[in-house]
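Below is run-v6.tsv, which holds TSV, C-alpha atoms.
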```tsv
chain	number	residue	atom	x	y	z
A	471	MET	CA	-1.71	-10.75	-50.91
A	472	ARG	CA	-3.54	-13.10	-48.58
A	473	VAL	CA	-3.33	-12.70	-44.81
A	474	VAL	CA	-1.72	-16.14	-44.49
A	475	ASP	CA	0.97	-15.19	-47.02
A	476	GLY	CA	1.60	-11.94	-45.15
A	477	LEU	CA	2.02	-13.75	-41.83
A	478	ARG	CA	4.33	-16.27	-43.46
A	479	LEU	CA	6.50	-13.47	-44.79
A	480	VAL	CA	6.57	-11.76	-41.36
A	481	PHE	CA	7.71	-14.87	-39.48
A	482	ARG	CA	10.16	-15.88	-42.22
A	483	SER	CA	11.77	-12.46	-41.98
A	484	LEU	CA	12.04	-12.64	-38.19
A	485	LEU	CA	13.40	-16.20	-38.20
A	486	SER	CA	15.99	-15.41	-40.88
A	487	SER	CA	17.96	-13.40	-38.26
A	488	PRO	CA	17.20	-15.13	-34.92
A	489	LEU	CA	19.98	-13.39	-32.99
A	490	ARG	CA	18.90	-9.93	-34.08
A	491	THR	CA	15.24	-10.76	-33.45
A	492	GLY	CA	16.04	-12.16	-30.01
A	493	LEU	CA	18.12	-9.18	-28.91
A	494	THR	CA	15.46	-6.73	-30.12
A	495	ALA	CA	12.71	-8.65	-28.33
A	496	LEU	CA	14.91	-8.77	-25.23
A	497	GLY	CA	14.81	-4.98	-24.97
A	498	ILE	CA	11.01	-5.05	-24.89
A	499	ALA	CA	11.04	-8.05	-22.53
A	500	ILE	CA	13.17	-6.23	-19.95
A	501	GLY	CA	10.86	-3.22	-20.15
A	502	ILE	CA	7.71	-5.31	-19.73
A	503	ALA	CA	9.25	-7.26	-16.84
A	504	ALA	CA	10.24	-4.03	-15.12
A	505	VAL	CA	6.82	-2.43	-15.52
A	506	ALA	CA	4.88	-5.55	-14.47
A	507	LEU	CA	7.20	-6.31	-11.53
A	508	LEU	CA	7.22	-2.77	-10.14
A	509	THR	CA	3.45	-2.52	-10.57
A	510	ALA	CA	2.94	-5.84	-8.76
A	511	ILE	CA	5.10	-4.65	-5.85
A	512	GLY	CA	3.31	-1.29	-5.79
A	513	GLU	CA	-0.10	-2.99	-5.75
A	514	GLY	CA	1.11	-5.37	-3.04
A	515	VAL	CA	2.27	-2.51	-0.83
A	516	ARG	CA	-1.01	-0.65	-1.46
A	517	TYR	CA	-3.09	-3.67	-0.50
A	518	TYR	CA	-0.89	-4.34	2.55
A	519	VAL	CA	-1.24	-0.78	3.88
A	520	LEU	CA	-4.99	-0.62	3.30
A	521	ASP	CA	-5.46	-4.06	4.83
A	522	ASN	CA	-3.54	-2.99	7.94
A	523	PHE	CA	-5.68	0.10	8.41
A	524	SER	CA	-8.94	-1.69	7.63
A	525	GLN	CA	-8.46	-4.04	10.60
A	526	PHE	CA	-9.65	-1.17	12.81
A	527	GLY	CA	-12.94	-1.06	10.92
A	528	THR	CA	-14.51	1.78	8.98
A	529	ARG	CA	-16.77	3.14	11.72
A	530	ILE	CA	-13.99	4.76	13.69
A	531	MET	CA	-12.53	8.26	13.72
A	532	ALA	CA	-9.62	9.89	15.51
A	533	ILE	CA	-9.56	13.26	17.26
A	534	ASN	CA	-6.11	14.81	17.67
A	535	PRO	CA	-5.15	18.01	19.50
A	536	GLY	CA	-4.12	20.89	17.26
A	537	LYS	CA	-5.85	22.18	14.16
A	538	THR	CA	-4.15	21.22	10.92
A	539	LEU	CA	-5.01	22.21	7.39
A	540	THR	CA	-4.24	18.75	6.09
A	541	GLN	CA	-4.81	15.35	7.60
A	542	GLY	CA	-1.79	14.46	9.65
A	543	MET	CA	-0.19	14.12	13.04
A	544	GLY	CA	-2.00	16.97	14.73
A	545	GLY	CA	-1.04	15.62	18.13
A	546	ILE	CA	2.59	16.68	17.76
A	547	LEU	CA	1.64	20.31	17.21
A	548	SER	CA	1.13	22.85	19.96
A	549	THR	CA	-2.44	23.69	20.86
A	550	THR	CA	-4.13	26.31	23.02
A	551	ARG	CA	-6.07	23.64	24.88
A	552	PRO	CA	-5.17	19.94	24.96
A	553	LEU	CA	-7.70	17.17	24.72
A	554	SER	CA	-8.59	15.98	28.20
A	555	LEU	CA	-10.15	12.93	29.79
A	556	ALA	CA	-13.18	15.13	30.47
A	557	ASP	CA	-13.46	15.80	26.73
A	558	ALA	CA	-13.43	12.06	26.06
A	559	GLU	CA	-16.05	11.35	28.74
A	560	SER	CA	-18.29	14.14	27.44
A	561	LEU	CA	-18.56	12.46	24.03
A	562	TYR	CA	-20.72	9.73	25.59
A	563	SER	CA	-23.53	12.28	25.72
A	564	LEU	CA	-23.76	12.24	21.92
A	565	PRO	CA	-26.11	9.73	20.26
A	566	HIS	CA	-24.80	6.85	18.12
A	567	ILE	CA	-21.50	6.58	20.04
A	568	GLU	CA	-20.46	2.97	20.51
A	569	ALA	CA	-17.06	3.25	22.17
A	570	ILE	CA	-14.57	5.91	23.29
A	571	ALA	CA	-10.83	5.23	23.52
A	572	PRO	CA	-8.65	8.01	24.97
A	573	ILE	CA	-4.98	7.35	24.14
A	574	VAL	CA	-1.58	8.55	25.32
A	575	GLN	CA	1.68	6.86	24.33
A	576	GLY	CA	5.20	6.72	25.69
A	577	VAL	CA	8.21	4.45	26.06
A	578	GLY	CA	9.46	2.81	29.23
A	579	THR	CA	11.12	-0.21	30.77
A	580	ILE	CA	9.00	-3.16	31.88
A	581	GLU	CA	10.62	-5.35	34.51
A	582	TYR	CA	9.77	-8.72	35.98
A	583	GLY	CA	12.27	-10.37	38.28
A	584	HIS	CA	15.66	-10.24	36.59
A	585	ARG	CA	14.14	-9.72	33.16
A	586	SER	CA	13.43	-6.35	31.57
A	587	ARG	CA	12.29	-5.03	28.22
A	588	LYS	CA	11.99	-1.52	26.82
A	589	SER	CA	8.64	-1.25	25.06
A	590	ASP	CA	5.95	1.16	24.03
A	591	ILE	CA	3.48	1.95	26.79
A	592	ILE	CA	-0.05	2.91	25.82
A	593	GLY	CA	-2.30	4.61	28.31
A	594	ALA	CA	-5.75	3.45	27.25
A	595	GLY	CA	-9.40	3.62	28.22
A	596	TYR	CA	-11.32	0.49	29.11
A	597	GLN	CA	-12.96	0.36	25.64
A	598	THR	CA	-9.73	0.59	23.65
A	599	ALA	CA	-9.61	-3.12	22.79
A	600	GLN	CA	-13.23	-2.94	21.60
A	601	ALA	CA	-12.56	0.20	19.56
A	602	TRP	CA	-9.45	-1.24	17.90
A	603	ARG	CA	-10.94	-4.71	17.44
A	604	PHE	CA	-8.12	-6.30	19.45
A	605	ASN	CA	-8.82	-9.53	21.31
A	606	VAL	CA	-7.56	-10.69	24.68
A	607	ILE	CA	-6.30	-14.30	24.63
A	608	MET	CA	-5.65	-14.55	28.35
A	609	GLY	CA	-7.38	-12.81	31.23
A	610	ARG	CA	-9.23	-9.57	30.45
A	611	PHE	CA	-8.66	-6.01	29.31
A	612	LEU	CA	-8.46	-2.96	31.57
A	613	PRO	CA	-11.60	-2.55	33.71
A	614	GLU	CA	-13.85	0.49	33.87
A	615	ASP	CA	-12.61	2.50	36.86
A	616	GLN	CA	-13.44	5.98	38.01
A	617	ALA	CA	-11.25	8.57	36.24
A	618	GLY	CA	-8.29	9.47	38.43
A	619	HIS	CA	-8.73	6.41	40.64
A	620	SER	CA	-7.82	3.58	38.28
A	621	ARG	CA	-6.26	0.48	39.77
A	622	ALA	CA	-2.65	-0.33	38.83
A	623	TYR	CA	-3.47	-3.00	36.27
A	624	THR	CA	-1.68	-3.75	33.01
A	625	VAL	CA	-2.33	-5.85	29.92
A	626	LEU	CA	0.69	-7.20	28.06
A	627	GLY	CA	1.26	-7.41	24.35
A	628	TYR	CA	2.07	-10.89	23.05
A	629	LYS	CA	5.78	-10.25	22.51
A	630	VAL	CA	6.24	-8.58	25.90
A	631	LYS	CA	4.59	-11.55	27.61
A	632	GLN	CA	6.92	-13.98	25.81
A	633	ALA	CA	10.01	-11.93	26.69
A	634	LEU	CA	9.19	-11.56	30.40
A	635	PHE	CA	7.32	-14.79	31.21
A	636	GLY	CA	8.03	-17.24	28.41
A	637	SER	CA	5.60	-20.13	28.77
A	638	ASP	CA	4.65	-19.20	32.37
A	639	ASN	CA	1.25	-17.78	33.25
A	640	PRO	CA	1.63	-14.02	33.83
A	641	LEU	CA	-1.84	-13.39	35.26
A	642	GLY	CA	-1.71	-11.97	38.75
A	643	GLN	CA	2.03	-11.32	38.62
A	644	ILE	CA	3.52	-7.93	39.49
A	645	VAL	CA	5.63	-6.09	36.90
A	646	ARG	CA	7.32	-2.72	37.18
A	647	VAL	CA	6.41	-0.23	34.45
A	648	GLY	CA	8.52	2.91	34.47
A	649	GLY	CA	9.45	2.12	38.07
A	650	GLN	CA	5.83	1.68	39.20
A	651	ARG	CA	4.18	-1.60	40.22
A	652	PHE	CA	1.34	-2.98	38.08
A	653	ARG	CA	-0.54	-6.25	38.29
A	654	VAL	CA	-0.91	-8.23	35.04
A	655	ILE	CA	-4.56	-8.99	34.30
A	656	GLY	CA	-4.44	-9.90	30.61
A	657	VAL	CA	-2.46	-10.74	27.48
A	658	MET	CA	-3.40	-9.53	24.00
A	659	GLU	CA	-3.57	-11.74	20.93
A	660	LYS	CA	-0.70	-11.71	18.48
A	661	LYS	CA	-1.22	-8.91	15.93
A	662	GLY	CA	2.12	-8.49	14.13
A	663	GLN	CA	3.34	-5.22	12.67
A	664	MET	CA	1.57	-2.30	11.06
A	665	LEU	CA	3.69	0.06	8.95
A	666	GLY	CA	6.80	-0.76	10.97
A	667	PHE	CA	5.08	-0.44	14.38
A	668	ASP	CA	5.08	-3.68	16.36
A	669	LEU	CA	1.60	-4.10	17.82
A	670	ASP	CA	2.82	-6.96	20.02
A	671	ASP	CA	5.71	-5.10	21.66
A	672	ILE	CA	3.48	-2.82	23.75
A	673	ILE	CA	1.67	-2.88	27.08
A	674	TYR	CA	-1.53	-1.16	28.15
A	675	ILE	CA	-2.04	0.72	31.41
A	676	PRO	CA	-4.96	2.91	32.57
A	677	ILE	CA	-5.04	6.28	30.85
A	678	ASP	CA	-4.87	8.35	34.06
A	679	LYS	CA	-1.85	6.36	35.29
A	680	ALA	CA	-0.12	6.97	31.95
A	681	LEU	CA	-0.76	10.74	32.11
A	682	GLN	CA	0.89	10.84	35.54
A	683	MET	CA	3.77	8.59	34.46
A	684	PHE	CA	4.60	10.64	31.36
A	685	ASN	CA	3.79	13.97	33.04
A	686	ARG	CA	1.32	14.85	30.28
A	687	GLU	CA	-1.44	17.42	30.50
A	688	GLY	CA	-3.52	16.12	27.62
A	689	LEU	CA	-4.27	13.14	25.44
A	690	MET	CA	-2.49	12.22	22.26
A	691	GLU	CA	-5.70	11.04	20.64
A	692	ILE	CA	-9.32	10.12	21.23
A	693	ASP	CA	-10.68	7.31	19.07
A	694	VAL	CA	-14.44	7.24	18.62
A	695	VAL	CA	-16.43	4.27	17.30
A	696	PHE	CA	-19.92	5.08	16.08
A	697	THR	CA	-22.89	2.94	15.09
A	698	ALA	CA	-23.93	2.02	11.56
A	699	ALA	CA	-27.05	4.17	11.91
A	700	ILE	CA	-25.10	7.36	11.15
A	701	SER	CA	-22.58	8.37	8.51
A	702	SER	CA	-19.01	9.38	9.30
A	703	GLU	CA	-19.69	12.90	7.98
A	704	GLN	CA	-22.68	13.36	10.28
A	705	ILE	CA	-20.96	12.08	13.42
A	706	SER	CA	-17.81	14.07	12.62
A	707	GLU	CA	-19.86	17.25	12.43
A	708	ARG	CA	-21.63	16.51	15.71
A	709	VAL	CA	-18.34	15.80	17.47
A	710	ARG	CA	-16.83	18.95	15.98
A	711	GLN	CA	-19.67	21.15	17.21
A	712	HIS	CA	-19.60	19.49	20.62
A	713	LEU	CA	-15.87	20.08	21.14
A	714	ILE	CA	-16.03	23.64	19.79
A	715	ALA	CA	-18.67	24.35	22.42
A	716	ARG	CA	-16.32	22.98	25.11
A	717	HIS	CA	-13.09	24.57	23.83
A	718	GLY	CA	-14.45	27.80	22.41
A	719	SER	CA	-12.65	27.22	19.09
A	720	GLU	CA	-11.75	24.43	16.71
A	721	ASP	CA	-8.31	23.62	18.11
A	722	PHE	CA	-8.43	19.93	17.18
A	723	THR	CA	-8.43	17.74	14.08
A	724	ILE	CA	-10.98	15.02	13.30
A	725	THR	CA	-10.03	12.27	10.85
A	726	SER	CA	-12.47	9.52	9.98
A	727	GLN	CA	-11.27	6.10	8.89
A	728	ASP	CA	-13.09	6.59	5.59
A	729	GLN	CA	-11.12	9.78	4.92
A	730	MET	CA	-7.85	8.15	5.88
A	731	MET	CA	-8.48	5.07	3.73
A	732	SER	CA	-9.55	7.21	0.78
A	733	SER	CA	-6.49	9.45	1.08
A	734	LEU	CA	-4.14	6.48	1.45
A	735	ASP	CA	-5.72	4.70	-1.50
A	736	SER	CA	-5.33	7.77	-3.72
A	737	ILE	CA	-1.73	8.38	-2.66
A	738	LEU	CA	-0.69	4.75	-3.05
A	739	ALA	CA	-2.44	4.45	-6.43
A	740	VAL	CA	-0.51	7.48	-7.68
A	741	LEU	CA	2.74	6.01	-6.33
A	742	THR	CA	2.01	2.71	-8.08
A	743	MET	CA	1.48	4.48	-11.39
A	744	ALA	CA	4.62	6.58	-10.84
A	745	ILE	CA	6.66	3.45	-10.20
A	746	ALA	CA	5.22	1.83	-13.33
A	747	ALA	CA	6.05	4.99	-15.32
A	748	LEU	CA	9.67	4.78	-14.18
A	749	GLY	CA	9.83	1.16	-15.26
A	750	SER	CA	8.32	2.01	-18.64
A	751	ILE	CA	11.43	4.04	-19.52
A	752	SER	CA	13.12	0.76	-20.43
A	753	LEU	CA	10.17	0.03	-22.73
A	754	PHE	CA	10.94	3.14	-24.74
A	755	VAL	CA	14.55	1.99	-24.98
A	756	GLY	CA	13.22	-1.26	-26.43
A	757	GLY	CA	11.09	0.79	-28.84
A	758	VAL	CA	14.21	2.59	-30.07
A	759	GLY	CA	15.74	-0.83	-30.68
A	760	ILE	CA	12.75	-1.86	-32.83
A	761	LEU	CA	12.97	1.41	-34.76
A	762	THR	CA	16.66	0.83	-35.44
A	763	ILE	CA	16.23	-2.80	-36.51
A	764	MET	CA	13.24	-2.07	-38.74
A	765	SER	CA	15.06	0.80	-40.45
A	766	THR	CA	18.00	-1.52	-41.11
A	767	THR	CA	15.63	-4.19	-42.38
A	768	VAL	CA	14.11	-1.80	-44.92
A	769	ARG	CA	17.55	-1.06	-46.36
A	770	GLU	CA	18.50	-4.74	-46.47
A	771	ARG	CA	15.25	-5.80	-48.13
A	772	THR	CA	14.94	-3.05	-50.70
A	773	SER	CA	15.06	-5.49	-53.63
A	774	GLU	CA	12.49	-7.75	-51.95
A	775	ILE	CA	10.18	-4.78	-51.56
A	776	GLY	CA	10.66	-3.93	-55.21
A	777	LEU	CA	9.83	-7.50	-56.20
A	778	LEU	CA	6.67	-7.49	-54.09
A	779	ARG	CA	5.58	-4.21	-55.65
A	780	ALA	CA	6.34	-5.55	-59.16
A	781	LEU	CA	4.20	-8.63	-58.44
A	782	GLY	CA	1.23	-6.42	-57.56
A	783	GLY	CA	1.75	-5.67	-53.89
A	784	THR	CA	0.20	-2.34	-52.93
A	785	ARG	CA	1.76	0.32	-50.73
A	786	ARG	CA	-0.82	-0.47	-48.08
A	787	GLN	CA	0.18	-4.14	-48.06
A	788	ILE	CA	3.88	-3.26	-47.75
A	789	LEU	CA	3.04	-0.86	-44.91
A	790	LEU	CA	1.03	-3.52	-43.08
A	791	LEU	CA	3.76	-6.10	-43.68
A	792	PHE	CA	6.43	-4.06	-41.91
A	793	LEU	CA	4.04	-2.92	-39.18
A	794	GLY	CA	3.21	-6.58	-38.61
A	795	GLU	CA	6.90	-7.37	-38.14
A	796	ALA	CA	7.27	-4.55	-35.60
A	797	ALA	CA	4.12	-5.59	-33.73
A	798	THR	CA	5.18	-9.26	-33.68
A	799	LEU	CA	8.59	-8.31	-32.30
A	800	ALA	CA	6.93	-6.25	-29.57
A	801	LEU	CA	4.47	-9.02	-28.65
A	802	LEU	CA	7.22	-11.65	-28.55
A	803	GLY	CA	9.19	-9.36	-26.26
A	804	GLY	CA	6.09	-8.70	-24.15
A	805	GLY	CA	5.37	-12.40	-23.68
A	806	ALA	CA	9.00	-13.09	-22.78
A	807	GLY	CA	8.89	-10.14	-20.36
A	808	LEU	CA	5.86	-11.52	-18.53
A	809	LEU	CA	7.54	-14.92	-18.27
A	810	LEU	CA	10.68	-13.24	-16.92
A	811	MET	CA	8.57	-11.29	-14.44
A	812	LEU	CA	6.90	-14.48	-13.17
A	813	LEU	CA	10.31	-16.11	-12.64
A	814	ILE	CA	11.53	-13.06	-10.69
A	815	LEU	CA	8.33	-13.04	-8.60
A	816	LEU	CA	8.85	-16.72	-7.83
A	817	ALA	CA	12.38	-15.95	-6.65
A	818	ILE	CA	11.11	-13.02	-4.55
A	819	THR	CA	8.39	-15.18	-2.99
A	820	ILE	CA	10.98	-17.76	-1.98
A	821	GLY	CA	13.72	-15.33	-0.92
A	822	LEU	CA	11.64	-12.47	0.51
A	823	PRO	CA	8.28	-13.92	1.60
A	824	ALA	CA	7.51	-10.82	3.71
A	825	LEU	CA	7.55	-8.52	0.66
A	826	PRO	CA	3.91	-7.83	-0.33
A	827	VAL	CA	3.36	-8.56	-4.03
A	828	LEU	CA	0.00	-8.55	-5.82
A	829	LEU	CA	-0.47	-9.34	-9.50
A	830	ASN	CA	-3.19	-7.32	-11.19
A	831	PRO	CA	-4.33	-8.93	-14.48
A	832	LEU	CA	-5.43	-5.52	-15.78
A	833	TYR	CA	-1.89	-4.14	-15.44
A	834	LEU	CA	-0.47	-7.22	-17.19
A	835	LEU	CA	-2.83	-6.69	-20.14
A	836	LEU	CA	-1.99	-2.98	-20.19
A	837	SER	CA	1.72	-3.86	-20.24
A	838	LEU	CA	1.23	-6.04	-23.30
A	839	LEU	CA	-0.90	-3.35	-24.94
A	840	LEU	CA	1.79	-0.77	-24.20
A	841	ALA	CA	4.42	-3.04	-25.75
A	842	LEU	CA	2.25	-3.43	-28.87
A	843	ILE	CA	1.70	0.32	-29.15
A	844	ILE	CA	5.41	1.02	-28.77
A	845	GLY	CA	6.18	-1.60	-31.42
A	846	LEU	CA	3.68	-0.06	-33.84
A	847	VAL	CA	4.90	3.48	-33.19
A	848	ALA	CA	8.51	2.43	-33.62
A	849	GLY	CA	7.67	0.56	-36.84
A	850	VAL	CA	5.59	3.32	-38.48
A	851	THR	CA	8.49	5.33	-39.91
A	852	PRO	CA	10.35	2.33	-41.43
A	853	ALA	CA	7.05	0.93	-42.75
A	854	ILE	CA	6.16	4.21	-44.45
A	855	GLN	CA	9.67	4.38	-45.83
A	856	ALA	CA	9.30	0.88	-47.28
A	857	ALA	CA	5.83	1.59	-48.72
A	858	ARG	CA	7.08	4.71	-50.52
A	859	LEU	CA	9.91	2.97	-52.35
A	860	ASN	CA	9.65	3.11	-56.13
A	861	PRO	CA	9.46	-0.52	-57.35
A	862	ILE	CA	11.82	0.06	-60.30
A	863	ASP	CA	14.44	1.79	-58.11
A	864	ALA	CA	14.02	-0.93	-55.48
A	865	LEU	CA	14.64	-3.71	-58.01
A	866	ARG	CA	17.64	-1.83	-59.39
A	867	ALA	CA	19.12	-1.67	-55.85
A	868	GLU	CA	20.08	-5.35	-56.10
```

Show this structure as structure tokens.
Amino acid sequence: MRVVDGLRLVFRSLLSSPLRTGLTALGIAIGIAAVALLTAIGEGVRYYVLDNFSQFGTRIMAINPGKTLTQGMGGILSTTRPLSLADAESLYSLPHIEAIAPIVQGVGTIEYGHRSRKSDIIGAGYQTAQAWRFNVIMGRFLPEDQAGHSRAYTVLGYKVKQALFGSDNPLGQIVRVGGQRFRVIGVMEKKGQMLGFDLDDIIYIPIDKALQMFNREGLMEIDVVFTAAISSEQISERVRQHLIARHGSEDFTITSQDQMMSSLDSILAVLTMAIAALGSISLFVGGVGILTIMSTTVRERTSEIGLLRALGGTRRQILLLFLGEAATLALLGGGAGLLLMLLILLAITIGLPALPVLLNPLYLLLSLLLALIIGLVAGVTPAIQAARLNPIDALRAE
């Protein structure tokens, strides 16, 4: 039997029952659409999270109070000795340090005239904007003042400025932050949100003023930016030894941006694959449909199989013929599934533009390959059954 004749027989068989073929392919199509769509959303979320964290650069690390065994929010744990402003200042003695940003965070009411807004308040060092790669669009950032004697200056986030001043110029105006008077000296550029945290709905005040306002003894975090002349592992070890010498023990946690990005990438990649695995359940349902249809087809075409065998068709050719039908069904379903997925993505893009979606061509090819494999696996048993039929008994079945 020539290849062309075999393909003609495959398509003739599929087209002889278009409704049955369409419904069987639909099962595979739904599975492929689910896998491809969930994978695209998972990849989009992964890219979105990594992109948000990468805006701070890769040459930055965070020091949190409290020793933890895993990377996490060490600052919310109790510690024998909190991180202090003196600890932050002492880090300047280390080589290859580019910027130090001591941080403490709280929530308070910001008032101007008859307007007020409850926002996050960040007590920050004068190099915080440099460390975080945030730009000032109006005025300047907090100046370098002597620790404990900082002037009552504040820098507004973009959204806070809009809420309190609208289109007016806020520079030089007095606002009340937690009941205390601060003079506005700058406005930050619009940054948007990061993992649900609005970077524009915050204000910055000097770190020592924030410690007094929130009645805190220590810092929530110290961010350290280092030069490109040293690796994150080397600078982390130097900072660790330096703080151990000051504290007497390792009662803090150091997390480099490289470590955080690597951990996030691994976690999100696993989540993406887990989501795709959940979606692939529907693919196996489609595979069961192919198995059922092909088994029925073998029984319906017993006489045809007998005729093919009587005309010289080998068992191998019969096996390949039925496997070809199963594979074609799976590929038709896979193609329809990708088309369905693109239509759904188009609807999502129009209806939910904020939802991060990223198509990965590799995953699309793997989805089609998975559909083909499932089709072949589902068609193996019926194909073997057809190939083993005795030609005389098959002809007699008519």

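Across the structure, atom CA of Ile502 of chain A and atom CA of Ile854 of chain A are spaced 26.5 Å apart.
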
At a cut-off of 9 Å, using only C-alpha atoms, what residues contact segment 701-711 of chain A? Leave out same-chain residues fewer than 4 positions from it and give the result as a PyMOL selection string.
chain A and resi 528-531+561+564-567+696-697+715-716+720+722-728

From the list A:Thr491, A:Gln682, A:Gln632, A:Ser560, which residue is nearest His619 of chain A when using all atoms listed in the file?
A:Gln682

Which of A:Gly627, A:Pro552, A:Gly756, A:Gly804 sits closest to Ile533 of chain A [using only C-alpha atoms]
A:Pro552

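Across the structure, atom CA of Glu559 of chain A and atom CA of Ile700 of chain A are spaced 20.2 Å apart.
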
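Using only C-alpha atoms, the shortest contact distance between Ile714 of chain A and any of A:Ser752, A:Val515, A:Leu553, A:Leu813 is found at A:Leu553.
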
Atom CA of Ser719 of chain A and atom CA of Met690 of chain A, how far apart in Å?
18.4 Å
